[in-house]
Amino acid sequence: MKNIKIITISLLLGTLLFAACSDQKKEPAKAQVKTDVKYTCPMHPQIMEDHPGSCPICGMTLVKKSGQASEGSGISLNTVLQPVNTAVLSAVAAITPEQKEIPATISAQGYLDFDTRTFNNIASRFSGRIEKLYVKYAFQEIHRGQRIFDIYSPDLVTAQQDLIYLTKNSAQETGLIDAARQKLLLLGMNYEQVNQVVKTGKAFYSLPIYSPYAGHVHDVAHSQMAGAASTETPSDFANNLPLSVREGMYVEKGQNLFNVVNPHKLWAILKIDRSAVAALKLNQQVTITLPDLPGKSITGKVNFIEPVLQDGDKTTSIRVYLDNMDHGLKVNSIVKATIQTGSTNGLWIPRSALVDLGRTQVVWLKNGASYKAHQVTTGATNGNETQITKGLSATDSLASNAQYLTDSESFIKTQSHE
């Protein structure tokens with residue numbers, strides 16, 4: 001009986017000890033907290049655990065799986081996974097468009113050139129040989145009625161001899177005499193020269209030719225007055241080129257010999273960006289300054305807007321007619337101009353907030369934590385600001401530096417405002 005009691009007590013003590021050990025083993029399980037964070041091995045991505053540890057394959061320390069948003073970051077996984085050609089995550093400062101009225105001006109650069117309206121060509125009215133040349137160099141100043149060269153022409157000598165023969169032997173044939181006189185006048189002789197032929201009975205074998213124009217002489221062969229826009233045909237003065245017309249050379253009937261230009265009339269050729277053409281009109285006031293002449297400014301107006309674009313030039317050219325009576329302005333001088341176009345009321349943003357893709361203009365609209373490419377329509381440009389005529393409102397928020405967010409102009413997929 002005593003042995004039975006001892007065995008019973010031993011069984012009870014064993015049961016108590018086993019229960020106590022079981023409770024201690026269950027304690028750590030209660031302390032575990034389930035989490036959505038996953039840990040993986042950098043070398044073996046198939047290993048996926050919900051707690052830190054080591055890789056059972058290579059023993060490397062497990063790391064958090066990428067693509068999981070940090071707590072409190074405010075960026076969802078959906079935002080991160082958006083296509084890169086429509087949205088960009090960036091810390092670029094955001095701005096809002098500003099509704100205001102701006103005194104509108106257009107800034108432009110250009111150069112001075114001769115006014116081609118004053119160009120006059122001196123051409124040979126008959127074939128012959130230059131016996132004497134009185135114009136010696138390019139840009140030589142001549143006056144109306146000034147003797148510029150003497151020419152021998154067999155055709156002209158024959159026409160003079162016909163007139164001399166008629167006046168001496170057929171004085172009664174007034175019709176033939178008048179026709180012979182008229183022929184000489186049409187060939188280029190003046191009334192005094194024709195009368196002298198009749199009076200003296202001697203022909204001019206070397207006929208003096210007088211200039212019908214006043215101005216500066218330009219050599220037609222290589223002085224095309226293309227201005228600063230052309231580097232292929234430099235002016236004769238810049239290269240110190242001699243005149244192509246020389247004493248002793250033969251010229252053909254109708255051949256241009258000289259180009260006489262009025263140096264008192266110039267025009268400024270100004271290049272206008274195509275974004276500002278819409279605000280450009282005739283007679284708008286223009287203020288021109290010359291870097292070569294500090295402190296000097298010239299006031300004019302828009303006299304002509306060229307209706308076409310020059311080859312390889314994406315700007316529009318305008319002309320401002322200028323007087324140069326004191327010869328203070330030099331052809332090919334670079335000029336800067338400001339054109340007053342009134343005032344413009346609208347929505348304005350900095351030019352840095354806009355990306356010009358040619359036919360499309362893009363801004364980056366703020367959408368939560370990201371920026372989305374958005375198409376807009378632009379208007380006038382004033383300094384560093386651009387007017388937005390369509391696609392934005394005053395409450396929109398957009399990136400202040402659009403170019404910084406643009407990796408490549410060809411990949412941007414915009415959200416059209418239409």
# chains A, B, ... in the order shown; residues from 1 in each chain; ligands from 1
>>> residues_around(residues="A:Lys390", least_positions_apart="2", cutoff="10 Å", atoms="only C-alpha atoms", output="list of chain:residue names")
A:Leu347, A:Gln375, A:Val376, A:Thr377, A:Thr378, A:Gly379, A:Gln387, A:Ile388, A:Leu392, A:Ser393, A:His417, A:Glu418
>>> residues_around(residues="stretch 399-404 of chain A", least_positions_apart="2", cutoff="6 Å", atoms="only C-alpha atoms", output="number ranges by chain")
A: 93-95, 352-354, 364, 406
>>> write_last_selection(atoms="N, CA and C atoms", output="mmCIF file, in the first residue's frame")
data_model
loop_
_atom_site.group_PDB
_atom_site.id
_atom_site.type_symbol
_atom_site.label_atom_id
_atom_site.label_comp_id
_atom_site.auth_asym_id
_atom_site.auth_seq_id
_atom_site.Cartn_x
_atom_site.Cartn_y
_atom_site.Cartn_z
ATOM 1 N N ALA A 93 10.484 71.655 -57.330
ATOM 2 C CA ALA A 93 9.514 72.576 -56.744
ATOM 3 C C ALA A 93 8.340 72.793 -57.693
ATOM 4 N N ALA A 94 7.155 72.909 -57.122
ATOM 5 C CA ALA A 94 5.937 73.123 -57.911
ATOM 6 C C ALA A 94 5.546 74.601 -57.867
ATOM 7 N N ILE A 95 4.966 75.074 -58.970
ATOM 8 C CA ILE A 95 4.497 76.452 -59.061
ATOM 9 C C ILE A 95 3.071 76.438 -59.590
ATOM 10 N N SER A 352 10.890 78.220 -68.185
ATOM 11 C CA SER A 352 11.550 77.000 -67.729
ATOM 12 C C SER A 352 10.551 75.896 -67.394
ATOM 13 N N ALA A 353 9.273 76.250 -67.183
ATOM 14 C CA ALA A 353 8.252 75.258 -66.852
ATOM 15 C C ALA A 353 7.638 74.616 -68.088
ATOM 16 N N LEU A 354 8.139 74.989 -69.270
ATOM 17 C CA LEU A 354 7.563 74.514 -70.527
ATOM 18 C C LEU A 354 8.629 73.797 -71.344
ATOM 19 N N TRP A 364 4.603 69.746 -66.909
ATOM 20 C CA TRP A 364 4.476 68.592 -66.017
ATOM 21 C C TRP A 364 3.534 68.974 -64.871
ATOM 22 N N THR A 406 12.459 65.949 -68.144
ATOM 23 C CA THR A 406 12.368 65.368 -69.486
ATOM 24 C C THR A 406 13.666 64.667 -69.823
#
>>> atom_distance(atom1="atom CA of A:Gly128", atom2="atom CA of A:Lys253")
8.1 Å
>>> residues_around(residues="A:Val63", least_positions_apart="5", cutoff="9 Å", atoms="only C-alpha atoms", output="list in words")
Lys38, Tyr39, Thr40, Cys41, Pro42, Pro52 and Gly53 of chain A
>>> write_last_selection(atoms="N, CA and C atoms", output="PDB file, in the first residue's frame")
ATOM      1  N   LYS A  38       8.154  41.209 -46.367  1.00  0.00           N
ATOM      2  CA  LYS A  38       8.807  39.969 -46.763  1.00  0.00           C
ATOM      3  C   LYS A  38      10.314  40.180 -46.859  1.00  0.00           C
ATOM      4  N   TYR A  39      11.054  39.102 -46.547  1.00  0.00           N
ATOM      5  CA  TYR A  39      12.503  39.116 -46.610  1.00  0.00           C
ATOM      6  C   TYR A  39      12.954  38.069 -47.620  1.00  0.00           C
ATOM      7  N   THR A  40      13.952  38.424 -48.392  1.00  0.00           N
ATOM      8  CA  THR A  40      14.422  37.509 -49.424  1.00  0.00           C
ATOM      9  C   THR A  40      15.936  37.559 -49.505  1.00  0.00           C
ATOM     10  N   CYS A  41      16.505  36.595 -50.216  1.00  0.00           N
ATOM     11  CA  CYS A  41      17.950  36.522 -50.377  1.00  0.00           C
ATOM     12  C   CYS A  41      18.342  37.250 -51.663  1.00  0.00           C
ATOM     13  N   PRO A  42      19.374  38.133 -51.621  1.00  0.00           N
ATOM     14  CA  PRO A  42      19.807  38.820 -52.843  1.00  0.00           C
ATOM     15  C   PRO A  42      20.276  37.860 -53.928  1.00  0.00           C
ATOM     16  N   PRO A  52      13.335  38.378 -40.438  1.00  0.00           N
ATOM     17  CA  PRO A  52      14.760  38.446 -40.762  1.00  0.00           C
ATOM     18  C   PRO A  52      15.443  37.119 -40.468  1.00  0.00           C
ATOM     19  N   GLY A  53      16.598  36.937 -41.121  1.00  0.00           N
ATOM     20  CA  GLY A  53      17.341  35.715 -40.896  1.00  0.00           C
ATOM     21  C   GLY A  53      18.409  35.520 -41.933  1.00  0.00           C
TER      22      GLY A  53
END
>>> residues_around(residues="A:Ala108", least_positions_apart="6", cutoff="7 Å", atoms="only C-alpha atoms", output="ChimeraX atom specification")
/A:270-272,336-338
>>> write_last_selection(atoms="C-alpha atoms", output="mmCIF file, in the first residue's frame")
data_model
loop_
_atom_site.group_PDB
_atom_site.id
_atom_site.type_symbol
_atom_site.label_atom_id
_atom_site.label_comp_id
_atom_site.auth_asym_id
_atom_site.auth_seq_id
_atom_site.Cartn_x
_atom_site.Cartn_y
_atom_site.Cartn_z
ATOM 1 C CA LEU A 270 15.298 91.625 -87.387
ATOM 2 C CA LYS A 271 14.724 87.918 -86.701
ATOM 3 C CA ILE A 272 11.501 87.210 -84.793
ATOM 4 C CA LYS A 336 19.273 94.425 -80.785
ATOM 5 C CA ALA A 337 15.670 95.552 -80.854
ATOM 6 C CA THR A 338 12.621 95.796 -78.610
#
>>> residues_around(residues="A:Thr289", least_positions_apart="6", cutoff="8 Å", atoms="only C-alpha atoms", output="PyMOL selection string")
chain A and resi 295-298+335-337
>>> write_last_selection(atoms="C-alpha atoms", output="short mmCIF file (atom, residue, chain, number, x, y, z; two decimals), in the first residue's frame")
data_model
loop_
_atom_site.label_atom_id
_atom_site.label_comp_id
_atom_site.auth_asym_id
_atom_site.auth_seq_id
_atom_site.Cartn_x
_atom_site.Cartn_y
_atom_site.Cartn_z
CA GLY A 295 24.35 104.62 -75.40
CA LYS A 296 23.00 105.13 -78.92
CA SER A 297 19.43 104.08 -79.66
CA ILE A 298 17.33 104.45 -82.79
CA VAL A 335 21.69 95.23 -83.59
CA LYS A 336 19.27 94.43 -80.78
CA ALA A 337 15.67 95.55 -80.85
#
>>> select_by_dssp(residues="stretch 43-228 of chain A", states="strand (DSSP E)", output="JSON, numbers by chain")
{"A": [48, 49, 63, 64, 87, 88, 89, 94, 95, 98, 99, 100, 101, 102, 103, 104, 105, 106, 107, 108, 109, 110, 111, 112, 113, 114, 120, 121, 122, 123, 128, 129, 130, 131, 132, 133, 141, 142, 147, 148, 149, 150, 151, 152, 207, 208, 209, 210, 215, 216, 217, 218, 219]}
>>> residues_around(residues="A:Val251", least_positions_apart="2", cutoff="12 Å", atoms="only C-alpha atoms", output="VMD selection string")
chain A and resid 123 to 131 151 to 153 244 to 249 253 to 257
>>> write_last_selection(atoms="N, CA and C atoms", output="PDB file, in the first residue's frame")
ATOM      1  N   ALA A 123      23.935  99.744-116.942  1.00  0.00           N
ATOM      2  CA  ALA A 123      24.194  98.702-117.930  1.00  0.00           C
ATOM      3  C   ALA A 123      24.679  99.330-119.229  1.00  0.00           C
ATOM      4  N   SER A 124      25.398  98.556-120.005  1.00  0.00           N
ATOM      5  CA  SER A 124      25.866  99.008-121.311  1.00  0.00           C
ATOM      6  C   SER A 124      24.723  98.917-122.322  1.00  0.00           C
ATOM      7  N   ARG A 125      24.476 100.002-123.049  1.00  0.00           N
ATOM      8  CA  ARG A 125      23.396 100.019-124.039  1.00  0.00           C
ATOM      9  C   ARG A 125      23.855  99.494-125.404  1.00  0.00           C
ATOM     10  N   PHE A 126      25.145  99.258-125.544  1.00  0.00           N
ATOM     11  CA  PHE A 126      25.668  98.740-126.807  1.00  0.00           C
ATOM     12  C   PHE A 126      26.962  97.983-126.514  1.00  0.00           C
ATOM     13  N   SER A 127      27.331  97.138-127.436  1.00  0.00           N
ATOM     14  CA  SER A 127      28.574  96.385-127.302  1.00  0.00           C
ATOM     15  C   SER A 127      29.755  97.283-127.646  1.00  0.00           C
ATOM     16  N   GLY A 128      30.884  97.026-126.961  1.00  0.00           N
ATOM     17  CA  GLY A 128      32.064  97.834-127.258  1.00  0.00           C
ATOM     18  C   GLY A 128      33.201  97.561-126.291  1.00  0.00           C
ATOM     19  N   ARG A 129      34.239  98.394-126.386  1.00  0.00           N
ATOM     20  CA  ARG A 129      35.436  98.243-125.568  1.00  0.00           C
ATOM     21  C   ARG A 129      35.586  99.448-124.646  1.00  0.00           C
ATOM     22  N   ILE A 130      35.875  99.184-123.356  1.00  0.00           N
ATOM     23  CA  ILE A 130      36.092 100.250-122.380  1.00  0.00           C
ATOM     24  C   ILE A 130      37.446 100.887-122.673  1.00  0.00           C
ATOM     25  N   GLU A 131      37.431 102.148-123.122  1.00  0.00           N
ATOM     26  CA  GLU A 131      38.678 102.856-123.423  1.00  0.00           C
ATOM     27  C   GLU A 131      39.261 103.524-122.179  1.00  0.00           C
ATOM     28  N   ILE A 151      33.749 104.638-123.996  1.00  0.00           N
ATOM     29  CA  ILE A 151      33.622 103.361-124.677  1.00  0.00           C
ATOM     30  C   ILE A 151      33.697 103.546-126.191  1.00  0.00           C
ATOM     31  N   TYR A 152      34.365 102.597-126.843  1.00  0.00           N
ATOM     32  CA  TYR A 152      34.388 102.552-128.300  1.00  0.00           C
ATOM     33  C   TYR A 152      33.450 101.443-128.748  1.00  0.00           C
ATOM     34  N   SER A 153      32.490 101.822-129.642  1.00  0.00           N
ATOM     35  CA  SER A 153      31.529 100.855-130.149  1.00  0.00           C
ATOM     36  C   SER A 153      31.424 100.995-131.664  1.00  0.00           C
ATOM     37  N   SER A 244      35.443  94.312-111.294  1.00  0.00           N
ATOM     38  CA  SER A 244      35.542  93.364-112.409  1.00  0.00           C
ATOM     39  C   SER A 244      35.577  94.070-113.756  1.00  0.00           C
ATOM     40  N   VAL A 245      35.096  95.339-113.808  1.00  0.00           N
ATOM     41  CA  VAL A 245      35.143  96.124-115.044  1.00  0.00           C
ATOM     42  C   VAL A 245      36.493  96.830-115.116  1.00  0.00           C
ATOM     43  N   ARG A 246      37.224  96.614-116.228  1.00  0.00           N
ATOM     44  CA  ARG A 246      38.563  97.180-116.372  1.00  0.00           C
ATOM     45  C   ARG A 246      38.699  97.871-117.722  1.00  0.00           C
ATOM     46  N   GLU A 247      39.668  98.735-117.805  1.00  0.00           N
ATOM     47  CA  GLU A 247      39.963  99.397-119.072  1.00  0.00           C
ATOM     48  C   GLU A 247      40.458  98.368-120.087  1.00  0.00           C
ATOM     49  N   GLY A 248      39.970  98.471-121.315  1.00  0.00           N
ATOM     50  CA  GLY A 248      40.388  97.579-122.374  1.00  0.00           C
ATOM     51  C   GLY A 248      39.520  96.358-122.553  1.00  0.00           C
ATOM     52  N   MET A 249      38.603  96.103-121.622  1.00  0.00           N
ATOM     53  CA  MET A 249      37.761  94.919-121.744  1.00  0.00           C
ATOM     54  C   MET A 249      36.540  95.226-122.614  1.00  0.00           C
ATOM     55  N   LYS A 253      26.051  94.242-125.078  1.00  0.00           N
ATOM     56  CA  LYS A 253      24.852  95.064-124.982  1.00  0.00           C
ATOM     57  C   LYS A 253      23.934  94.514-123.885  1.00  0.00           C
ATOM     58  N   GLY A 254      23.511  95.379-122.957  1.00  0.00           N
ATOM     59  CA  GLY A 254      22.654  94.964-121.850  1.00  0.00           C
ATOM     60  C   GLY A 254      23.401  94.440-120.635  1.00  0.00           C
ATOM     61  N   GLN A 255      24.719  94.365-120.677  1.00  0.00           N
ATOM     62  CA  GLN A 255      25.500  93.844-119.548  1.00  0.00           C
ATOM     63  C   GLN A 255      25.532  94.856-118.403  1.00  0.00           C
ATOM     64  N   ASN A 256      25.212  94.386-117.167  1.00  0.00           N
ATOM     65  CA  ASN A 256      25.286  95.253-115.994  1.00  0.00           C
ATOM     66  C   ASN A 256      26.742  95.479-115.610  1.00  0.00           C
ATOM     67  N   LEU A 257      27.101  96.739-115.453  1.00  0.00           N
ATOM     68  CA  LEU A 257      28.486  97.083-115.128  1.00  0.00           C
ATOM     69  C   LEU A 257      28.656  97.489-113.678  1.00  0.00           C
TER      70      LEU A 257
END
>>> residues_around(residues="stretch 307-318 of chain A", least_positions_apart="6", cutoff="10 Å", atoms="only C-alpha atoms", output="PDB file with C-alpha atoms, in the first residue's frame")
ATOM      1  CA  ALA A 108      14.886  90.425 -81.368  1.00  0.00           C
ATOM      2  CA  GLY A 110      19.417  91.307 -86.386  1.00  0.00           C
ATOM      3  CA  TRP A 267      17.190  98.953 -93.101  1.00  0.00           C
ATOM      4  CA  ALA A 268      17.466  96.734 -90.051  1.00  0.00           C
ATOM      5  CA  ILE A 269      16.674  93.058 -90.659  1.00  0.00           C
ATOM      6  CA  LEU A 270      15.298  91.625 -87.387  1.00  0.00           C
ATOM      7  CA  LYS A 271      14.724  87.918 -86.701  1.00  0.00           C
ATOM      8  CA  ILE A 272      11.501  87.210 -84.793  1.00  0.00           C
ATOM      9  CA  ASP A 273      10.812  83.908 -83.035  1.00  0.00           C
ATOM     10  CA  ARG A 274       7.769  82.157 -84.485  1.00  0.00           C
ATOM     11  CA  SER A 275       6.073  82.072 -81.064  1.00  0.00           C
ATOM     12  CA  ALA A 276       5.888  85.889 -81.118  1.00  0.00           C
ATOM     13  CA  VAL A 277       4.705  86.357 -84.708  1.00  0.00           C
ATOM     14  CA  LEU A 280       3.459  91.312 -84.586  1.00  0.00           C
ATOM     15  CA  LEU A 282       2.876  96.805 -89.032  1.00  0.00           C
TER      16      LEU A 282
END
>>> atom_distance(atom1="atom CA of A:Phe114", atom2="atom CA of A:Gly342")
29.7 Å
>>> closest_residue(among="A:Gly328, A:Pro294, A:Pro242, A:Pro154", to="A:Lys265", atoms="only C-alpha atoms")
A:Gly328
>>> atom_distance(atom1="atom CA of A:His374", atom2="atom CA of A:Leu405")
12.5 Å
>>> select_by_dssp(residues="stretch 222-398 of chain A", states="alpha helix (DSSP H)", output="PyMOL selection string")
chain A and resi 236-239
